[in-house]
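J.: Before anything else, here's the structure in question.
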Amino acid sequence: MDVRLLRALVAVADCGGFGVAAGRLSVSQPALTKQIQALEAEVGGALFVRGRQGAEPTRLGLALLPEARELVRRIDLLTRRAAQFKRGEAGSLAVGFGLSGIDLAPQAVAAFRRRFPGVGITLEDMSSAAQIEGVRAGDLDVGFVRLPAPDDLARLVVLTDTLAVASPGDQEPPPTDAVGVAAWLRGRPVVRLTRAKGPGLVRQIELFEGEFDARPELVQEASDLQTVLALVAAGVGAALVPAGAADIAAATVRVTPIECDGGRARGSDAVSWRIGAVWDRARATRARDNFLTVVRELTDRRDADASDGGSARPPGRAGGPDGSSGVR
């Protein structure tokens with residue numbers, strides 16, 4: 001049954017006449033009359049009685065009107081909902097993040113929620129490898145992963161993170177240069193994330209320790225970064241963590257980034273690494289595109305704050321390996 005005919009039935013009944021109903025529907029009165037006649041032919045009886053006071057529904061018209069009204073309402077609701085999906089204002093979004101995205105990803109989700117409250121969004125903490133598999137499988141729409149990422153995924157470089165030393169706040173702070181940090185760590189008890197939970201971070205720590213001959217004593221491992229920081233606060237040992245961990249560390253923990261701009265640390269992959277948002281080009285949705293727009297805006301704002309000296313953590317966004325903008 002043509003929904004236009006049901007809409008005509010509802011409009012004539014609500015308006016009490018064909019002339020006013022035609023105006024509401026933006027059609028001519030003869031066209032509206034033909035629509036009602038077509039519906040009458042389909043249901044096998046007259047739907048309205050015309051008189052000087054307008055048009056009154058017949059018993060058949062009154063019997064059909066409640067269901068017709070409900071169907072029109074639901075069609076209108078579905079039409080509006082479809083338009084929201086098309087604009088990315090409805091639907092769902094699944095986002096993954098790892099240790100280095102522990103501050104940026106939640107900020108992006110919060111900003112997206114404020115702008116698009118009709119989209120359901122989930123945020124899951126997982127390793128870069130698990131995120132890449134999730135994006136490929138369609139389980140994740142966007143992942144914040146350690147770069148480089150596979151060439152089959154699109155990516156946007158969002159920040160460069162660095163290793164930092166987490167130490168008890170009531171102790172003397174460690175050095176900030178990589179050589180000094182290595183010497184400071186040598187023989188010192190440390191705690192670390194398990195390899196199963198943070199394989200990328202563990203590889204980064206091992207690369208740093210190998211390149212700068214740091215030989216700390218590993219005394220404890222933990223399965224999440226918050227526990228690592230809690231162990232540091234308790235005095236169990238120091239820890240090498242992403243500089244972004246400062247955003248979740250307790251006030252009793254000092255997080256000291258390792259500087260990358262001097263001596264052997266200059267440009268060293270052992271000290272810093274890039275983080276990018278990745279997604280599958282073949283699975284395009286407007287909601288995902290809107291989320292990436294929010295990520296770009298947030299990244300640009302962080303870069304501006306860093307260049308103005310307004311950020312305590314200035315690594316910011318890096319360009320691509322060929323000097324490009326970082327978008328692929």
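Ligands are numbered from 1 in the order shown, chains are lettered A, B, ... in the order of the structure tokens, and residues start at 1 in each chain.
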Show which residues sit within 6 Å of range 273-280 of chain A, as a PyMOL selection string. Count only C-alpha atoms, and ignore same-chain residues fewer than 4 positions away.
T.: chain A and resi 142-147+153-161
J.: Pull C-alpha atoms from the residues just selected and write them as an mmCIF file, in the first residue's frame.
T.:
data_model
loop_
_atom_site.group_PDB
_atom_site.id
_atom_site.type_symbol
_atom_site.label_atom_id
_atom_site.label_comp_id
_atom_site.auth_asym_id
_atom_site.auth_seq_id
_atom_site.Cartn_x
_atom_site.Cartn_y
_atom_site.Cartn_z
ATOM 1 C CA VAL A 142 38.874 3.471 14.387
ATOM 2 C CA GLY A 143 41.970 2.441 16.322
ATOM 3 C CA PHE A 144 44.706 4.547 17.924
ATOM 4 C CA VAL A 145 47.819 2.471 17.287
ATOM 5 C CA ARG A 146 51.576 2.631 17.369
ATOM 6 C CA LEU A 147 52.921 3.367 13.874
ATOM 7 C CA LEU A 153 44.693 0.704 6.409
ATOM 8 C CA ALA A 154 44.253 4.452 6.154
ATOM 9 C CA ARG A 155 45.946 6.416 8.898
ATOM 10 C CA LEU A 156 46.223 9.869 10.403
ATOM 11 C CA VAL A 157 49.296 10.627 12.512
ATOM 12 C CA VAL A 158 47.961 12.262 15.664
ATOM 13 C CA LEU A 159 50.891 12.566 18.037
ATOM 14 C CA THR A 160 54.437 11.603 18.868
ATOM 15 C CA ASP A 161 54.860 10.045 22.278
#
J.: As number ranges by chain, please: the residues near Ala233 in chain A (cut-off 12 Å, only C-alpha atoms, same-chain neighbours under 2 positions excluded).
T.: A: 166-171, 190-191, 226-231, 235-239, 249-255
J.: Leaving out Ala284 in chain A and any residue of its chain fewer than 5 positions from it, which residues lie within 12 Å of it when counting only C-alpha atoms, given as JSON, numbers by chain?
T.: {"A": [86, 88, 93, 135, 138, 140, 141, 142, 154, 279, 289, 290, 291, 292]}
J.: For the selection just defined, write its residues with N, CA, C and O atoms to a file, as a PDB file, in the first residue's frame.
T.:
ATOM      1  N   LYS A  86      22.473   9.115   7.697  1.00  0.00           N
ATOM      2  CA  LYS A  86      23.184   9.655   6.545  1.00  0.00           C
ATOM      3  C   LYS A  86      24.101  10.789   6.953  1.00  0.00           C
ATOM      4  O   LYS A  86      25.204  10.947   6.412  1.00  0.00           O
ATOM      5  N   GLY A  88      25.461  11.026   9.883  1.00  0.00           N
ATOM      6  CA  GLY A  88      26.355  10.569  10.939  1.00  0.00           C
ATOM      7  C   GLY A  88      25.925  10.998  12.313  1.00  0.00           C
ATOM      8  O   GLY A  88      26.739  11.027  13.244  1.00  0.00           O
ATOM      9  N   LEU A  93      29.540   3.429  16.948  1.00  0.00           N
ATOM     10  CA  LEU A  93      30.946   3.586  16.607  1.00  0.00           C
ATOM     11  C   LEU A  93      31.763   2.837  17.643  1.00  0.00           C
ATOM     12  O   LEU A  93      31.517   2.962  18.845  1.00  0.00           O
ATOM     13  N   VAL A 135      40.080  -3.613  13.327  1.00  0.00           N
ATOM     14  CA  VAL A 135      39.706  -2.730  12.212  1.00  0.00           C
ATOM     15  C   VAL A 135      39.539  -3.544  10.939  1.00  0.00           C
ATOM     16  O   VAL A 135      38.577  -3.358  10.181  1.00  0.00           O
ATOM     17  N   GLY A 138      36.325  -5.454  10.940  1.00  0.00           N
ATOM     18  CA  GLY A 138      35.108  -4.667  11.041  1.00  0.00           C
ATOM     19  C   GLY A 138      34.572  -4.549  12.444  1.00  0.00           C
ATOM     20  O   GLY A 138      33.493  -3.992  12.654  1.00  0.00           O
ATOM     21  N   LEU A 140      36.139  -2.885  14.865  1.00  0.00           N
ATOM     22  CA  LEU A 140      36.480  -1.519  15.268  1.00  0.00           C
ATOM     23  C   LEU A 140      36.336  -0.598  14.069  1.00  0.00           C
ATOM     24  O   LEU A 140      36.695  -0.961  12.947  1.00  0.00           O
ATOM     25  N   ASP A 141      35.823   0.592  14.317  1.00  0.00           N
ATOM     26  CA  ASP A 141      35.753   1.598  13.257  1.00  0.00           C
ATOM     27  C   ASP A 141      37.046   2.402  13.173  1.00  0.00           C
ATOM     28  O   ASP A 141      37.493   2.757  12.078  1.00  0.00           O
ATOM     29  N   VAL A 142      37.634   2.693  14.320  1.00  0.00           N
ATOM     30  CA  VAL A 142      38.874   3.471  14.387  1.00  0.00           C
ATOM     31  C   VAL A 142      39.731   2.905  15.506  1.00  0.00           C
ATOM     32  O   VAL A 142      39.208   2.525  16.567  1.00  0.00           O
ATOM     33  N   ALA A 154      44.026   3.013   6.180  1.00  0.00           N
ATOM     34  CA  ALA A 154      44.253   4.452   6.154  1.00  0.00           C
ATOM     35  C   ALA A 154      44.695   4.889   7.533  1.00  0.00           C
ATOM     36  O   ALA A 154      44.331   4.276   8.537  1.00  0.00           O
ATOM     37  N   TRP A 279      41.960   3.282  10.118  1.00  0.00           N
ATOM     38  CA  TRP A 279      40.618   2.821   9.781  1.00  0.00           C
ATOM     39  C   TRP A 279      40.657   2.124   8.434  1.00  0.00           C
ATOM     40  O   TRP A 279      41.621   2.246   7.672  1.00  0.00           O
ATOM     41  N   ASP A 289      33.484   9.157   9.793  1.00  0.00           N
ATOM     42  CA  ASP A 289      34.091  10.352   9.216  1.00  0.00           C
ATOM     43  C   ASP A 289      33.940  11.545  10.150  1.00  0.00           C
ATOM     44  O   ASP A 289      34.863  12.365  10.283  1.00  0.00           O
ATOM     45  N   ASN A 290      32.784  11.657  10.802  1.00  0.00           N
ATOM     46  CA  ASN A 290      32.589  12.749  11.763  1.00  0.00           C
ATOM     47  C   ASN A 290      33.543  12.607  12.940  1.00  0.00           C
ATOM     48  O   ASN A 290      34.078  13.607  13.441  1.00  0.00           O
ATOM     49  N   PHE A 291      33.765  11.361  13.381  1.00  0.00           N
ATOM     50  CA  PHE A 291      34.694  11.143  14.494  1.00  0.00           C
ATOM     51  C   PHE A 291      36.110  11.546  14.092  1.00  0.00           C
ATOM     52  O   PHE A 291      36.829  12.193  14.877  1.00  0.00           O
ATOM     53  N   LEU A 292      36.529  11.193  12.885  1.00  0.00           N
ATOM     54  CA  LEU A 292      37.863  11.557  12.430  1.00  0.00           C
ATOM     55  C   LEU A 292      38.011  13.070  12.308  1.00  0.00           C
ATOM     56  O   LEU A 292      39.096  13.612  12.559  1.00  0.00           O
TER      57      LEU A 292
END
J.: Calculate how many Å separate CA of Asp213 in chain A from CA of Arg186 in chain A, rounding to one decimal.
T.: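 According to the coordinates, CA of Asp213 in chain A and CA of Arg186 in chain A are separated by 8.1 Å.
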J.: Taking the chain letters and numbering used in this document, name the residues of range 152-300 of chain A that DSSP puts in helix (DSSP H, G or I), as number ranges by chain.
T.: A: 178-185, 199-211, 225-233, 243-247, 263-265, 286-300
J.: Can you list, as a list in words, every residue of range 29-149 of chain A that DSSP puts in strand (DSSP E)?
T.: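 Everything in range 29-149 of chain A that counts as strand (DSSP E) is Phe48, Val49, Arg50, Gly51, Gly54, Ala55, Glu56, Pro57, Gly91, Ser92, Leu93, Ala94, Val95, Gly96, Phe97, Val119, Gly120, Ile121, Thr122, Leu123, Glu124, Asp125, Val142, Gly143, Phe144, Val145 and Arg146 of chain A.
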J.: Those residues you just picked out, can you put them in a file as an mmCIF file, in the first residue's frame with N, CA, C and O atoms?
T.:
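Heads up, here's the output in part_9.cif:
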data_model
loop_
_atom_site.group_PDB
_atom_site.id
_atom_site.type_symbol
_atom_site.label_atom_id
_atom_site.label_comp_id
_atom_site.auth_asym_id
_atom_site.auth_seq_id
_atom_site.Cartn_x
_atom_site.Cartn_y
_atom_site.Cartn_z
ATOM 1 N N PHE A 48 -14.789 8.994 3.071
ATOM 2 C CA PHE A 48 -15.266 10.286 3.562
ATOM 3 C C PHE A 48 -16.626 10.596 2.970
ATOM 4 O O PHE A 48 -16.964 10.168 1.865
ATOM 5 N N VAL A 49 -17.392 11.354 3.717
ATOM 6 C CA VAL A 49 -18.651 11.935 3.248
ATOM 7 C C VAL A 49 -18.455 13.436 3.200
ATOM 8 O O VAL A 49 -18.115 14.062 4.206
ATOM 9 N N ARG A 50 -18.628 14.011 2.020
ATOM 10 C CA ARG A 50 -18.435 15.451 1.872
ATOM 11 C C ARG A 50 -19.748 16.175 2.145
ATOM 12 O O ARG A 50 -20.817 15.723 1.754
ATOM 13 N N GLY A 51 -19.610 17.310 2.803
ATOM 14 C CA GLY A 51 -20.770 18.144 3.083
ATOM 15 C C GLY A 51 -20.363 19.595 3.149
ATOM 16 O O GLY A 51 -19.204 19.953 2.889
ATOM 17 N N GLY A 54 -17.419 20.362 5.294
ATOM 18 C CA GLY A 54 -16.153 19.743 4.966
ATOM 19 C C GLY A 54 -16.318 18.276 4.663
ATOM 20 O O GLY A 54 -17.299 17.867 4.031
ATOM 21 N N ALA A 55 -15.372 17.467 5.151
ATOM 22 C CA ALA A 55 -15.380 16.026 4.900
ATOM 23 C C ALA A 55 -15.311 15.283 6.223
ATOM 24 O O ALA A 55 -14.446 15.555 7.058
ATOM 25 N N GLU A 56 -16.234 14.340 6.410
ATOM 26 C CA GLU A 56 -16.266 13.535 7.635
ATOM 27 C C GLU A 56 -15.924 12.090 7.287
ATOM 28 O O GLU A 56 -16.424 11.546 6.293
ATOM 29 N N PRO A 57 -15.088 11.435 8.090
ATOM 30 C CA PRO A 57 -14.761 10.029 7.816
ATOM 31 C C PRO A 57 -15.995 9.144 7.949
ATOM 32 O O PRO A 57 -16.825 9.344 8.840
ATOM 33 N N GLY A 91 23.520 5.951 14.962
ATOM 34 C CA GLY A 91 24.269 4.745 14.673
ATOM 35 C C GLY A 91 25.180 4.383 15.818
ATOM 36 O O GLY A 91 24.933 4.749 16.975
ATOM 37 N N SER A 92 26.251 3.677 15.508
ATOM 38 C CA SER A 92 27.189 3.241 16.536
ATOM 39 C C SER A 92 28.604 3.346 16.012
ATOM 40 O O SER A 92 28.845 3.357 14.803
ATOM 41 N N LEU A 93 29.540 3.429 16.948
ATOM 42 C CA LEU A 93 30.946 3.586 16.607
ATOM 43 C C LEU A 93 31.763 2.837 17.643
ATOM 44 O O LEU A 93 31.517 2.962 18.845
ATOM 45 N N ALA A 94 32.727 2.037 17.180
ATOM 46 C CA ALA A 94 33.615 1.295 18.081
ATOM 47 C C ALA A 94 35.037 1.807 17.886
ATOM 48 O O ALA A 94 35.551 1.818 16.765
ATOM 49 N N VAL A 95 35.653 2.236 18.979
ATOM 50 C CA VAL A 95 36.984 2.841 18.943
ATOM 51 C C VAL A 95 37.914 2.069 19.868
ATOM 52 O O VAL A 95 37.534 1.720 20.988
ATOM 53 N N GLY A 96 39.116 1.793 19.391
ATOM 54 C CA GLY A 96 40.132 1.152 20.216
ATOM 55 C C GLY A 96 41.263 2.118 20.503
ATOM 56 O O GLY A 96 41.503 3.070 19.753
ATOM 57 N N PHE A 97 41.962 1.883 21.600
ATOM 58 C CA PHE A 97 43.128 2.712 21.920
ATOM 59 C C PHE A 97 44.104 1.889 22.745
ATOM 60 O O PHE A 97 43.741 0.904 23.380
ATOM 61 N N VAL A 119 24.792 9.129 18.607
ATOM 62 C CA VAL A 119 25.622 8.002 18.176
ATOM 63 C C VAL A 119 26.132 7.255 19.403
ATOM 64 O O VAL A 119 26.752 7.846 20.288
ATOM 65 N N GLY A 120 25.868 5.965 19.468
ATOM 66 C CA GLY A 120 26.411 5.144 20.537
ATOM 67 C C GLY A 120 27.864 4.818 20.241
ATOM 68 O O GLY A 120 28.196 4.370 19.143
ATOM 69 N N ILE A 121 28.755 5.046 21.202
ATOM 70 C CA ILE A 121 30.180 4.849 20.959
ATOM 71 C C ILE A 121 30.802 4.057 22.096
ATOM 72 O O ILE A 121 30.506 4.288 23.271
ATOM 73 N N THR A 122 31.613 3.073 21.735
ATOM 74 C CA THR A 122 32.334 2.273 22.724
ATOM 75 C C THR A 122 33.823 2.539 22.581
ATOM 76 O O THR A 122 34.323 2.813 21.484
ATOM 77 N N LEU A 123 34.530 2.458 23.691
ATOM 78 C CA LEU A 123 35.970 2.702 23.727
ATOM 79 C C LEU A 123 36.628 1.547 24.466
ATOM 80 O O LEU A 123 36.276 1.270 25.609
ATOM 81 N N GLU A 124 37.556 0.863 23.791
ATOM 82 C CA GLU A 124 38.155 -0.332 24.372
ATOM 83 C C GLU A 124 39.668 -0.230 24.375
ATOM 84 O O GLU A 124 40.289 0.125 23.366
ATOM 85 N N ASP A 125 40.268 -0.548 25.529
ATOM 86 C CA ASP A 125 41.721 -0.556 25.694
ATOM 87 C C ASP A 125 42.271 -1.875 25.168
ATOM 88 O O ASP A 125 41.907 -2.951 25.657
ATOM 89 N N VAL A 142 37.634 2.693 14.320
ATOM 90 C CA VAL A 142 38.874 3.471 14.387
ATOM 91 C C VAL A 142 39.731 2.905 15.506
ATOM 92 O O VAL A 142 39.208 2.525 16.567
ATOM 93 N N GLY A 143 41.040 2.838 15.273
ATOM 94 C CA GLY A 143 41.970 2.441 16.322
ATOM 95 C C GLY A 143 43.073 3.473 16.453
ATOM 96 O O GLY A 143 43.470 4.093 15.465
ATOM 97 N N PHE A 144 43.558 3.675 17.673
ATOM 98 C CA PHE A 144 44.706 4.547 17.924
ATOM 99 C C PHE A 144 45.899 3.641 18.202
ATOM 100 O O PHE A 144 46.001 3.058 19.281
ATOM 101 N N VAL A 145 46.778 3.498 17.215
ATOM 102 C CA VAL A 145 47.819 2.471 17.287
ATOM 103 C C VAL A 145 49.202 3.085 17.155
ATOM 104 O O VAL A 145 49.385 4.204 16.674
ATOM 105 N N ARG A 146 50.170 2.276 17.562
ATOM 106 C CA ARG A 146 51.576 2.631 17.369
ATOM 107 C C ARG A 146 51.920 2.435 15.889
ATOM 108 O O ARG A 146 51.631 1.395 15.300
#
J.: Would you please work out which residue, of A:Ala41, A:Gln29, A:Arg286, A:Leu6, is nearest to Ala83 in chain A when using only C-alpha atoms?
T.: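 Of all the options, A:Arg286 lies closest to Ala83 in chain A.
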J.: Write out as a list in words the residues lying within 6 Å of Arg188 in chain A, counting only C-alpha atoms and excluding same-chain residues fewer than 2 positions away.
T.: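 My reading of the contact set: Leu185, Arg186, Pro216 and Glu217 of chain A.
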